[in-house]
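**Q** Take a look at model_38.cif, mmCIF, C-alpha atoms and all ligand atoms:
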data_my_file
loop_
_atom_site.group_PDB
_atom_site.id
_atom_site.type_symbol
_atom_site.label_atom_id
_atom_site.label_comp_id
_atom_site.auth_asym_id
_atom_site.auth_seq_id
_atom_site.Cartn_x
_atom_site.Cartn_y
_atom_site.Cartn_z
ATOM 1 C CA MET M 1 110.512 103.372 118.799
ATOM 2 C CA ASP M 2 114.204 103.987 118.512
ATOM 3 C CA PHE M 3 117.274 101.805 118.429
ATOM 4 C CA PRO M 4 121.024 102.282 118.918
ATOM 5 C CA THR M 5 123.340 102.759 115.953
ATOM 6 C CA THR M 6 127.121 103.024 115.999
ATOM 7 C CA CYS M 7 128.898 105.816 114.145
ATOM 8 C CA PRO M 8 131.252 104.120 111.635
ATOM 9 C CA THR M 9 133.748 106.993 112.006
ATOM 10 C CA CYS M 10 134.114 107.508 115.769
ATOM 11 C CA GLY M 11 132.151 104.635 117.299
ATOM 12 C CA ARG M 12 129.736 106.768 119.258
ATOM 13 C CA GLU M 13 126.257 105.359 119.846
ATOM 14 C CA ASN M 14 123.543 107.476 118.218
ATOM 15 C CA ARG M 15 119.918 106.509 118.607
ATOM 16 C CA ALA M 16 117.733 106.457 115.528
ATOM 17 C CA GLU M 17 113.986 106.273 115.163
ATOM 18 C CA TYR M 18 112.698 103.279 113.221
ATOM 19 C CA ALA M 19 111.635 104.493 109.795
ATOM 20 C CA ASP M 20 108.855 102.910 107.748
ATOM 21 C CA SER M 21 111.299 102.444 104.893
ATOM 22 C CA SER M 22 113.961 100.769 107.121
ATOM 23 C CA VAL M 23 116.369 103.429 105.787
ATOM 24 C CA HIS M 24 117.879 105.819 108.314
ATOM 25 C CA ASP M 25 120.015 108.785 107.224
ATOM 26 C CA LEU M 26 121.938 109.898 110.277
ATOM 27 C CA THR M 27 124.530 112.434 111.400
ATOM 28 C CA CYS M 28 126.772 111.583 114.339
ATOM 29 C CA VAL M 29 126.200 113.967 117.240
ATOM 30 C CA ARG M 30 129.869 113.768 118.249
ATOM 31 C CA CYS M 31 131.948 113.856 115.065
ATOM 32 C CA GLY M 32 129.377 115.064 112.540
ATOM 33 C CA ALA M 33 129.992 112.156 110.159
ATOM 34 C CA ARG M 34 127.032 111.273 107.959
ATOM 35 C CA TYR M 35 125.991 107.659 107.641
ATOM 36 C CA CYS M 36 123.016 105.633 106.535
ATOM 37 C CA VAL M 37 121.751 102.619 108.473
ATOM 38 C CA LEU M 38 119.719 100.093 106.459
ATOM 39 C CA VAL M 39 117.885 97.587 108.611
ATOM 40 C CA ARG M 40 117.167 94.224 107.027
ATOM 41 C CA LYS M 41 113.885 93.611 108.734
ATOM 42 C CA GLN M 42 110.329 93.457 107.501
ATOM 43 C CA LYS M 43 107.620 95.680 108.941
ATOM 44 C CA PHE M 44 105.711 92.788 110.514
ATOM 45 C CA GLU M 45 108.869 91.766 112.353
ATOM 46 C CA VAL M 46 109.468 95.255 113.717
ATOM 47 C CA LEU M 47 105.865 95.411 114.926
ATOM 48 C CA PHE M 48 105.878 91.967 116.488
ATOM 49 C CA ASP M 49 109.149 92.704 118.276
ATOM 50 C CA LEU M 50 107.704 95.996 119.509
ATOM 51 C CA GLY M 51 104.715 94.114 120.899
ATOM 52 C CA THR M 52 106.991 91.581 122.546
ATOM 53 C CA ARG M 53 109.024 94.321 124.184
ATOM 54 C CA ALA M 54 105.851 96.058 125.392
ATOM 55 C CA LEU M 55 104.598 92.783 126.859
ATOM 56 C CA MET M 56 107.921 92.106 128.577
ATOM 57 C CA ASP M 57 107.864 95.621 130.018
ATOM 58 C CA GLY M 58 104.340 95.222 131.366
ATOM 59 C CA TYR M 59 102.442 97.258 128.770
ATOM 60 C CA ALA M 60 99.878 94.598 127.956
ATOM 61 C CA ARG M 61 97.352 96.838 126.247
ATOM 62 C CA GLU M 62 99.925 98.521 123.988
ATOM 63 C CA ALA M 63 101.291 95.118 123.070
ATOM 64 C CA VAL M 64 97.931 94.053 121.623
ATOM 65 C CA ALA M 65 97.908 96.918 119.102
ATOM 66 C CA SER M 66 101.409 95.986 117.930
ATOM 67 C CA PHE M 67 100.636 92.270 117.594
ATOM 68 C CA ALA M 68 97.439 93.050 115.658
ATOM 69 C CA ALA M 69 99.330 95.397 113.338
ATOM 70 C CA ALA M 70 102.074 92.796 112.904
ATOM 71 C CA LEU M 71 99.519 90.256 111.689
ATOM 72 C CA GLU M 72 98.038 92.714 109.179
ATOM 73 C CA ARG M 73 101.473 93.613 107.856
ATOM 74 C CA PHE M 74 102.378 89.959 107.669
ATOM 75 C CA PHE M 75 99.372 89.335 105.406
ATOM 76 C CA GLU M 76 100.712 92.128 103.201
ATOM 77 C CA PHE M 77 104.170 90.531 103.257
ATOM 78 C CA TYR M 78 102.615 87.237 102.182
ATOM 79 C CA VAL M 79 100.786 88.870 99.271
ATOM 80 C CA ARG M 80 103.962 90.657 98.189
ATOM 81 C CA SER M 81 106.036 87.505 98.479
ATOM 82 C CA TYR M 82 103.545 85.526 96.440
ATOM 83 C CA ALA M 83 103.165 88.179 93.716
ATOM 84 C CA LEU M 84 106.925 88.601 93.341
ATOM 85 C CA GLU M 85 107.507 84.863 93.484
ATOM 86 C CA ARG M 86 105.068 84.451 90.589
ATOM 87 C CA ALA M 87 106.674 87.281 88.651
ATOM 88 C CA SER M 88 110.127 85.757 89.133
ATOM 89 C CA ASP M 89 108.978 82.751 87.089
ATOM 90 C CA THR M 90 108.185 85.007 84.147
ATOM 91 C CA ALA M 91 110.199 87.338 81.962
ATOM 92 C CA VAL M 92 108.987 90.350 83.971
ATOM 93 C CA ASP M 93 111.790 92.411 85.452
ATOM 94 C CA VAL M 94 111.870 92.581 89.282
ATOM 95 C CA GLU M 95 111.752 96.386 89.337
ATOM 96 C CA GLU M 96 108.762 96.346 87.016
ATOM 97 C CA ALA M 97 107.000 93.661 89.052
ATOM 98 C CA THR M 98 107.630 95.594 92.264
ATOM 99 C CA ALA M 99 106.235 98.795 90.770
ATOM 100 C CA ALA M 100 103.120 96.989 89.498
ATOM 101 C CA LEU M 101 102.650 95.400 92.897
ATOM 102 C CA SER M 102 102.961 98.734 94.717
ATOM 103 C CA GLY M 103 100.439 100.271 92.328
ATOM 104 C CA THR M 104 98.033 97.422 92.975
ATOM 105 C CA TRP M 105 98.492 97.593 96.722
ATOM 106 C CA ARG M 106 97.501 101.255 96.702
ATOM 107 C CA HIS M 107 93.940 100.168 95.858
ATOM 108 C CA VAL M 108 93.671 98.232 99.103
ATOM 109 C CA ALA M 109 96.125 100.055 101.350
ATOM 110 C CA SER M 110 93.588 102.037 103.352
ATOM 111 C CA GLN M 111 91.206 99.163 104.156
ATOM 112 C CA SER M 112 92.291 96.087 106.025
ATOM 113 C CA GLU M 113 89.209 94.139 104.871
ATOM 114 C CA ARG M 114 90.321 94.549 101.262
ATOM 115 C CA GLN M 115 93.820 93.410 102.203
ATOM 116 C CA LEU M 116 92.397 90.324 103.862
ATOM 117 C CA GLY M 117 90.568 89.560 100.629
ATOM 118 C CA MET M 118 93.788 89.788 98.664
ATOM 119 C CA PHE M 119 95.554 87.594 101.159
ATOM 120 C CA ALA M 120 92.815 84.945 101.030
ATOM 121 C CA LEU M 121 93.143 84.668 97.257
ATOM 122 C CA ALA M 122 96.946 84.680 97.336
ATOM 123 C CA TYR M 123 96.856 81.863 99.887
ATOM 124 C CA LEU M 124 94.378 79.807 97.858
ATOM 125 C CA LEU M 125 96.385 80.198 94.652
ATOM 126 C CA ARG M 126 99.709 79.397 96.313
ATOM 127 C CA GLN M 127 98.697 76.581 98.628
ATOM 128 C CA GLY M 128 95.781 75.148 96.666
ATOM 129 C CA HIS M 129 93.398 75.069 99.593
ATOM 130 C CA GLU M 130 91.205 77.319 101.689
ATOM 131 C CA PRO M 131 92.862 79.531 104.328
ATOM 132 C CA ASP M 132 90.883 77.832 107.102
ATOM 133 C CA PHE M 133 92.615 79.962 109.745
ATOM 134 C CA LEU M 134 90.867 83.132 108.587
ATOM 135 C CA THR M 135 88.124 82.774 111.182
ATOM 136 C CA PRO M 136 87.544 85.346 113.919
ATOM 137 C CA ALA M 137 88.350 82.677 116.532
ATOM 138 C CA ALA M 138 91.646 81.665 114.931
ATOM 139 C CA LEU M 139 92.674 85.301 114.411
ATOM 140 C CA GLY M 140 91.660 86.421 117.913
ATOM 141 C CA THR M 141 89.558 89.146 116.276
ATOM 142 C CA ASP M 142 87.085 89.458 119.110
ATOM 143 C CA PHE M 143 89.772 89.954 121.748
ATOM 144 C CA ARG M 144 91.651 92.404 119.528
ATOM 145 C CA ASN M 145 88.519 94.520 118.938
ATOM 146 C CA ARG M 146 87.538 94.570 122.606
ATOM 147 C CA VAL M 147 90.989 95.893 123.527
ATOM 148 C CA ILE M 148 91.647 98.247 120.622
ATOM 149 C CA HIS M 149 88.180 99.598 119.883
ATOM 150 C CA ARG M 150 86.392 99.269 123.205
ATOM 151 C CA GLY M 151 89.218 100.110 125.544
ATOM 152 C CA GLU M 152 89.118 96.854 127.477
ATOM 153 C CA LEU M 153 92.107 96.407 129.761
ATOM 154 C CA PRO M 154 93.431 92.928 129.049
ATOM 155 C CA THR M 155 95.269 90.746 131.540
ATOM 156 C CA ARG M 156 98.821 89.776 130.789
ATOM 157 C CA THR M 157 97.724 86.161 130.478
ATOM 158 C CA ASP M 158 95.182 87.085 127.804
ATOM 159 C CA VAL M 159 97.753 89.099 125.889
ATOM 160 C CA GLU M 160 100.268 86.258 126.072
ATOM 161 C CA ALA M 161 97.656 83.903 124.655
ATOM 162 C CA TYR M 162 96.906 86.371 121.854
ATOM 163 C CA ALA M 163 100.618 86.899 121.144
ATOM 164 C CA ALA M 164 101.142 83.149 121.008
ATOM 165 C CA GLN M 165 98.208 82.782 118.623
ATOM 166 C CA VAL M 166 99.559 85.462 116.247
ATOM 167 C CA PHE M 167 103.101 84.122 116.552
ATOM 168 C CA ALA M 168 102.074 80.551 115.762
ATOM 169 C CA LEU M 169 100.053 81.660 112.741
ATOM 170 C CA ILE M 170 102.840 83.807 111.276
ATOM 171 C CA ASP M 171 105.372 81.087 112.040
ATOM 172 C CA ARG M 172 103.248 78.506 110.230
ATOM 173 C CA LEU M 173 102.725 80.724 107.197
ATOM 174 C CA LEU M 174 106.421 81.657 107.048
ATOM 175 C CA THR M 175 107.247 77.969 107.087
ATOM 176 C CA GLU M 176 104.804 77.372 104.231
ATOM 177 C CA LEU M 177 106.241 80.319 102.314
ATOM 178 C CA GLY M 178 109.769 78.981 102.725
ATOM 179 C CA GLY M 179 111.936 80.276 99.893
ATOM 180 C CA GLY M 180 108.908 82.176 98.574
ATOM 181 C CA ALA M 181 109.788 85.027 100.945
ATOM 182 C CA LYS M 182 113.089 85.577 99.147
ATOM 183 C CA GLN M 183 111.637 87.776 96.423
ATOM 184 C CA ALA M 184 110.089 90.141 98.964
ATOM 185 C CA GLU M 185 113.448 90.316 100.730
ATOM 186 C CA LEU M 186 115.061 91.062 97.398
ATOM 187 C CA ALA M 187 112.619 93.918 96.823
ATOM 188 C CA GLN M 188 113.858 95.468 100.082
ATOM 189 C CA GLU M 189 117.470 95.010 98.973
ATOM 190 C CA LEU M 190 116.695 96.750 95.678
ATOM 191 C CA ALA M 191 115.102 99.679 97.508
ATOM 192 C CA PHE M 192 118.244 99.877 99.659
ATOM 193 C CA ALA M 193 120.457 99.789 96.569
ATOM 194 C CA ARG M 194 118.502 102.666 95.000
ATOM 195 C CA HIS M 195 118.886 104.708 98.159
ATOM 196 C CA ILE M 196 122.619 104.020 98.416
ATOM 197 C CA ALA M 197 123.153 104.964 94.777
ATOM 198 C CA ALA M 198 121.632 108.367 95.485
ATOM 199 C CA LEU M 199 123.704 109.064 98.617
ATOM 200 C CA PRO M 200 126.186 111.945 98.338
ATOM 201 C CA ASP M 201 129.923 111.198 98.531
ATOM 202 C CA GLY M 202 131.315 110.658 101.992
ATOM 203 C CA VAL M 203 128.196 109.022 103.461
ATOM 204 C CA THR M 204 128.853 105.516 104.772
ATOM 205 C CA ALA M 205 126.168 102.869 104.288
ATOM 206 C CA VAL M 206 125.784 100.418 107.182
ATOM 207 C CA PHE M 207 123.652 97.270 106.920
ATOM 208 C CA GLU M 208 122.145 95.863 110.079
ATOM 209 C CA GLU M 209 120.587 92.531 110.870
ATOM 210 C CA HIS M 210 118.456 92.894 113.955
ATOM 211 C CA PRO M 211 117.588 90.044 116.232
ATOM 212 C CA GLY M 212 113.893 89.340 116.250
ATOM 213 C CA MET M 213 111.273 86.799 117.144
ATOM 214 C CA PHE M 214 111.038 85.455 113.605
ATOM 215 C CA ARG M 215 114.691 85.628 112.578
ATOM 216 C CA ALA M 216 115.583 82.116 113.683
ATOM 217 C CA ARG M 217 112.700 80.623 111.741
ATOM 218 C CA ARG M 218 113.409 82.629 108.641
ATOM 219 C CA PHE M 219 117.046 81.703 108.545
ATOM 220 C CA GLY M 220 116.443 78.105 109.453
ATOM 221 C CA THR M 221 118.341 78.078 112.730
ATOM 222 C CA LEU M 222 115.444 77.366 115.079
ATOM 223 C CA ALA M 223 115.799 73.878 116.495
ATOM 224 C CA PRO M 224 112.769 71.672 115.902
ATOM 225 C CA MET M 225 110.198 71.601 118.680
ATOM 226 C CA PRO M 226 110.535 68.500 120.821
ATOM 227 C CA LYS M 227 107.646 66.137 120.173
ATOM 228 C CA PRO M 228 105.131 66.433 122.997
ATOM 229 C CA ALA M 229 104.825 63.309 125.090
ATOM 230 C CA LYS M 230 101.679 61.329 124.414
ATOM 231 C CA SER M 231 99.597 62.392 127.331
ATOM 232 C CA ALA M 232 96.112 63.184 128.419
ATOM 233 C CA ALA M 233 96.555 66.634 126.858
ATOM 234 C CA GLN M 234 96.588 65.155 123.377
ATOM 235 C CA PRO M 235 93.125 65.138 121.882
ATOM 236 C CA THR M 236 91.568 61.811 121.075
ATOM 237 C CA LEU M 237 88.593 61.167 118.858
ATOM 238 C CA LYS M 238 86.413 61.222 121.914
ATOM 239 C CA SER M 239 87.670 64.549 123.186
ATOM 240 C CA SER M 240 85.526 67.614 122.874
ATOM 241 C CA MET M 241 86.276 70.628 120.681
ATOM 242 C CA ASN M 242 87.236 72.452 123.856
ATOM 243 C CA SER M 243 90.078 70.175 124.743
ATOM 244 C CA ALA M 244 91.323 70.206 121.139
ATOM 245 C CA ARG M 245 91.311 73.991 121.345
ATOM 246 C CA ALA M 246 93.092 73.910 124.706
ATOM 247 C CA TYR M 247 95.692 71.573 123.266
ATOM 248 C CA GLN M 248 96.236 73.905 120.306
ATOM 249 C CA GLN M 249 96.551 76.878 122.670
ATOM 250 C CA ALA M 250 99.104 75.015 124.765
ATOM 251 C CA GLN M 251 101.111 74.262 121.620
ATOM 252 C CA GLN M 252 100.982 77.916 120.539
ATOM 253 C CA GLN M 253 102.059 79.026 124.000
ATOM 254 C CA ALA M 254 104.971 76.593 124.023
ATOM 255 C CA LEU M 255 106.190 77.857 120.642
ATOM 256 C CA PHE M 256 105.893 81.516 121.632
ATOM 257 C CA GLN M 257 107.477 81.008 125.059
ATOM 258 C CA ARG M 258 110.400 79.198 123.516
ATOM 259 C CA ALA M 259 110.997 81.951 120.958
ATOM 260 C CA LEU M 260 110.699 84.460 123.799
ATOM 261 C CA ALA M 261 113.273 82.600 125.875
ATOM 262 C CA GLU M 262 115.641 82.408 122.908
ATOM 263 C CA ARG M 263 115.200 85.897 121.500
ATOM 264 C CA GLY M 264 113.497 88.068 124.108
ATOM 265 C CA GLU M 265 116.675 89.303 125.804
ATOM 266 C CA LEU M 266 118.138 90.300 122.446
ATOM 267 C CA LEU M 267 115.217 92.622 121.821
ATOM 268 C CA LYS M 268 116.054 94.768 124.826
ATOM 269 C CA GLY M 269 118.479 96.937 122.905
ATOM 270 C CA PHE M 270 115.795 97.884 120.424
ATOM 271 C CA LYS M 271 113.095 99.324 122.567
ATOM 272 C CA GLY M 272 112.054 102.932 122.624
ATOM 273 C CA GLY M 273 112.941 105.753 124.974
ATOM 274 C CA GLY M 274 116.642 105.037 125.065
ATOM 275 C CA ALA M 275 116.290 103.290 128.431
ATOM 276 C CA ALA M 276 117.783 100.047 127.196
HETATM 277 ZN ZN ZN M 301 130.917 109.892 114.983
#
Represent the supplied structure as structure tokens.
Ligand SMILES: [Zn+2]
**A**
Amino acid sequence: MDFPTTCPTCGRENRAEYADSSVHDLTCVRCGARYCVLVRKQKFEVLFDLGTRALMDGYAREAVASFAAALERFFEFYVRSYALERASDTAVDVEEATAALSGTWRHVASQSERQLGMFALAYLLRQGHEPDFLTPAALGTDFRNRVIHRGELPTRTDVEAYAAQVFALIDRLLTELGGGAKQAELAQELAFARHIAALPDGVTAVFEEHPGMFRARRFGTLAPMPKPAKSAAQPTLKSSMNSARAYQQAQQQALFQRALAERGELLKGFKGGGAA
């Protein structure tokens, strides 16, 4: 996936490919100026936005892979946030804590099951209760596996439901994390600072904040959801598990659709292929 960047010297738009590190060393195709674009965005956000763009463009199947990857990377983000948050309460230096964390993550990096185990413990220690959402049903695991591993062609409606499920879960966990995410953000800033320090003279560093589905939540600008009217849709004690589930799905859909309405258009500039 690529995105437009603006040359700080001549103003020409040069497209850059999203890098894993969020650091992009570029040379302007018109004036030859060298510049470095640092994107303040976490991996899970890039992936979720990619999925959203794919869904909006009608690539339902591709969207599923991006949403699934976004959830996995979010679990990693949570673990990193928690570990660095803990370290920030001690005398351990941030750089040291980050290095120890990266070394630890290497032991689990190649297996998502191991990462899930780390996340489960991090959640328990931080929140003090069981991560009850780590069930196949709540994670949409079955749907994800049918699409990704068995080649099932999902309907757009199914993918929207899955996207809403992943979005609502990440949104909830981000809300719980609150200021706890700051240390992980800081780790990215430190990596940027190291890169900038090593840049040769004459290279301009440009920081970018990209719009994204989670930005509003993370910076506290998302208006609160209007309270749903008390209606038949609200589960009562008598209602079956099915209607409680349907109610939860409707809530997830409403949250996702609202974020989509607010942010979806803004994502258009950041899709691949240059056909913005
Ligand atoms: Zn230029």
**Q** Step by step: start from the point (108.5, 89.6, 119.1) in the file's coordinates, keep every protein, DNA or RNA residue that has an atom no farther than 10 Å from it, count all atoms listed in the file, and write the set as number ranges by chain.
**A** M: 44-56, 63, 66-67, 70, 163-164, 167, 211-215, 256, 259-260, 263-264, 267
**Q** Using all atoms listed in the file, which residues of the polymer chains come no farther than 8 Å from ligand ZN 301 (chain M)? I'd like the answer as a list of chain:residue names.
**A**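 Answer in the requested format: M:Thr6, M:Cys7, M:Pro8, M:Thr9, M:Cys10, M:Gly11, M:Arg12, M:Thr27, M:Cys28, M:Val29, M:Arg30, M:Cys31, M:Gly32, M:Ala33.
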**Q** May I have the residues within 10 Å of Ala122 in chain M as a list in words, using all atoms listed in the file and disregarding those fewer than 6 positions away in the same chain?
**A**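 What passes the distance filter is Phe75, Tyr78, Val79, Arg80, Ser81, Tyr82, Ala83, Leu116, Gly128 and Pro131 of chain M.
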**Q** Where does the PyMOL selection byres (((chain M and resi 76) around 12) and not hetatm) land in this file, that is, which residues does it pick, as a PyMOL selection string?
**A** chain M and resi 42-44+69-75+77-83+101-102+104-106+108-109+111-120+122-123+170+181+184
**Q** Restricting it to C-alpha atoms, dump the selection as a CSV table (one decimal), in the coordinates of the input.
**A**
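That gives us again_1.csv:
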chain,number,residue,atom,x,y,z
M,42,GLN,CA,110.3,93.5,107.5
M,43,LYS,CA,107.6,95.7,108.9
M,44,PHE,CA,105.7,92.8,110.5
M,69,ALA,CA,99.3,95.4,113.3
M,70,ALA,CA,102.1,92.8,112.9
M,71,LEU,CA,99.5,90.3,111.7
M,72,GLU,CA,98.0,92.7,109.2
M,73,ARG,CA,101.5,93.6,107.9
M,74,PHE,CA,102.4,90.0,107.7
M,75,PHE,CA,99.4,89.3,105.4
M,77,PHE,CA,104.2,90.5,103.3
M,78,TYR,CA,102.6,87.2,102.2
M,79,VAL,CA,100.8,88.9,99.3
M,80,ARG,CA,104.0,90.7,98.2
M,81,SER,CA,106.0,87.5,98.5
M,82,TYR,CA,103.5,85.5,96.4
M,83,ALA,CA,103.2,88.2,93.7
M,101,LEU,CA,102.6,95.4,92.9
M,102,SER,CA,103.0,98.7,94.7
M,104,THR,CA,98.0,97.4,93.0
M,105,TRP,CA,98.5,97.6,96.7
M,106,ARG,CA,97.5,101.3,96.7
M,108,VAL,CA,93.7,98.2,99.1
M,109,ALA,CA,96.1,100.1,101.4
M,111,GLN,CA,91.2,99.2,104.2
M,112,SER,CA,92.3,96.1,106.0
M,113,GLU,CA,89.2,94.1,104.9
M,114,ARG,CA,90.3,94.5,101.3
M,115,GLN,CA,93.8,93.4,102.2
M,116,LEU,CA,92.4,90.3,103.9
M,117,GLY,CA,90.6,89.6,100.6
M,118,MET,CA,93.8,89.8,98.7
M,119,PHE,CA,95.6,87.6,101.2
M,120,ALA,CA,92.8,84.9,101.0
M,122,ALA,CA,96.9,84.7,97.3
M,123,TYR,CA,96.9,81.9,99.9
M,170,ILE,CA,102.8,83.8,111.3
M,181,ALA,CA,109.8,85.0,100.9
M,184,ALA,CA,110.1,90.1,99.0
**Q** Between CA of Val166 in chain M and CA of Glu265 in chain M, what distance in Å does the model show, to one decimal?
**A**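 Computing it gives 20.0 Å between the two atoms.
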**Q** So, with only C-alpha atoms as the atoms that count, which of M:His129, M:Arg144, M:His24, M:Arg15 lies closest to Phe192 in chain M?
**A** M:His24
**Q** Nearest to Ala254 in chain M among M:Thr90, M:Arg146, M:Gln165, M:Asn14, with distances taken over only C-alpha atoms: which residue is it?
**A**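 Closest to Ala254 in chain M, using only C-alpha atoms: M:Gln165.
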**Q** CA of Val39 in chain M to CA of Gln188 in chain M: how many Å, to one decimal?
**A**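 So the two atoms, CA of Val39 in chain M and CA of Gln188 in chain M, lie 9.7 Å apart.
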**Q** Could you tell me which residues the PyMOL selection byres (((chain M and resi 206) around 9) and not hetatm) grabs in this file, written as number ranges by chain?
**A** M: 8, 35-39, 204-205, 207-208
**Q** Enter the distance from CA of Ala193 in chain M to CA of Leu174 in chain M, in Å, rounded to one decimal.
**A**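 The value is 25.2 Å.
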**Q** Would you mind completing range 48-71 of chain M so that it carries N, CA and C atoms, and writing it out as an mmCIF file, keeping the file's coordinate frame?
**A**
data_model
loop_
_atom_site.group_PDB
_atom_site.id
_atom_site.type_symbol
_atom_site.label_atom_id
_atom_site.label_comp_id
_atom_site.auth_asym_id
_atom_site.auth_seq_id
_atom_site.Cartn_x
_atom_site.Cartn_y
_atom_site.Cartn_z
ATOM 1 N N PHE M 48 106.018 93.073 115.535
ATOM 2 C CA PHE M 48 105.878 91.967 116.488
ATOM 3 C C PHE M 48 106.906 92.107 117.613
ATOM 4 N N ASP M 49 108.116 92.519 117.258
ATOM 5 C CA ASP M 49 109.149 92.704 118.276
ATOM 6 C C ASP M 49 108.789 93.839 119.234
ATOM 7 N N LEU M 50 108.180 94.887 118.669
ATOM 8 C CA LEU M 50 107.704 95.996 119.509
ATOM 9 C C LEU M 50 106.669 95.498 120.508
ATOM 10 N N GLY M 51 105.749 94.681 120.027
ATOM 11 C CA GLY M 51 104.715 94.114 120.899
ATOM 12 C C GLY M 51 105.335 93.253 121.983
ATOM 13 N N THR M 52 106.333 92.467 121.583
ATOM 14 C CA THR M 52 106.991 91.581 122.546
ATOM 15 C C THR M 52 107.686 92.391 123.639
ATOM 16 N N ARG M 53 108.358 93.463 123.204
ATOM 17 C CA ARG M 53 109.024 94.321 124.184
ATOM 18 C C ARG M 53 107.996 94.944 125.129
ATOM 19 N N ALA M 54 106.888 95.426 124.565
ATOM 20 C CA ALA M 54 105.851 96.058 125.392
ATOM 21 C C ALA M 54 105.312 95.057 126.410
ATOM 22 N N LEU M 55 105.100 93.833 125.963
ATOM 23 C CA LEU M 55 104.598 92.783 126.859
ATOM 24 C C LEU M 55 105.607 92.500 127.966
ATOM 25 N N MET M 56 106.881 92.385 127.589
ATOM 26 C CA MET M 56 107.921 92.106 128.577
ATOM 27 C C MET M 56 108.048 93.243 129.592
ATOM 28 N N ASP M 57 107.749 94.457 129.136
ATOM 29 C CA ASP M 57 107.864 95.621 130.018
ATOM 30 C C ASP M 57 106.580 95.898 130.797
ATOM 31 N N GLY M 58 105.564 95.056 130.596
ATOM 32 C CA GLY M 58 104.340 95.222 131.366
ATOM 33 C C GLY M 58 103.279 96.104 130.726
ATOM 34 N N TYR M 59 103.467 96.458 129.446
ATOM 35 C CA TYR M 59 102.442 97.258 128.770
ATOM 36 C C TYR M 59 101.554 96.344 127.931
ATOM 37 N N ALA M 60 100.669 95.626 128.620
ATOM 38 C CA ALA M 60 99.878 94.598 127.956
ATOM 39 C C ALA M 60 98.964 95.177 126.881
ATOM 40 N N ARG M 61 98.312 96.274 127.188
ATOM 41 C CA ARG M 61 97.352 96.838 126.247
ATOM 42 C C ARG M 61 98.047 97.323 124.968
ATOM 43 N N GLU M 62 99.169 98.015 125.135
ATOM 44 C CA GLU M 62 99.925 98.521 123.988
ATOM 45 C C GLU M 62 100.427 97.365 123.130
ATOM 46 N N ALA M 63 100.773 96.276 123.796
ATOM 47 C CA ALA M 63 101.291 95.118 123.070
ATOM 48 C C ALA M 63 100.252 94.586 122.080
ATOM 49 N N VAL M 64 98.988 94.598 122.490
ATOM 50 C CA VAL M 64 97.931 94.053 121.623
ATOM 51 C C VAL M 64 97.878 94.794 120.289
ATOM 52 N N ALA M 65 97.963 96.125 120.338
ATOM 53 C CA ALA M 65 97.908 96.918 119.102
ATOM 54 C C ALA M 65 99.068 96.552 118.187
ATOM 55 N N SER M 66 100.243 96.326 118.751
ATOM 56 C CA SER M 66 101.409 95.986 117.930
ATOM 57 C C SER M 66 101.282 94.593 117.326
ATOM 58 N N PHE M 67 100.794 93.633 118.121
ATOM 59 C CA PHE M 67 100.636 92.270 117.594
ATOM 60 C C PHE M 67 99.594 92.256 116.467
ATOM 61 N N ALA M 68 98.497 92.999 116.679
ATOM 62 C CA ALA M 68 97.439 93.050 115.658
ATOM 63 C C ALA M 68 97.978 93.671 114.370
ATOM 64 N N ALA M 69 98.753 94.738 114.517
ATOM 65 C CA ALA M 69 99.330 95.397 113.338
ATOM 66 C C ALA M 69 100.351 94.483 112.659
ATOM 67 N N ALA M 70 101.079 93.721 113.456
ATOM 68 C CA ALA M 70 102.074 92.796 112.904
ATOM 69 C C ALA M 70 101.386 91.760 112.014
ATOM 70 N N LEU M 71 100.231 91.267 112.474
ATOM 71 C CA LEU M 71 99.519 90.256 111.689
ATOM 72 C C LEU M 71 99.026 90.847 110.362
#
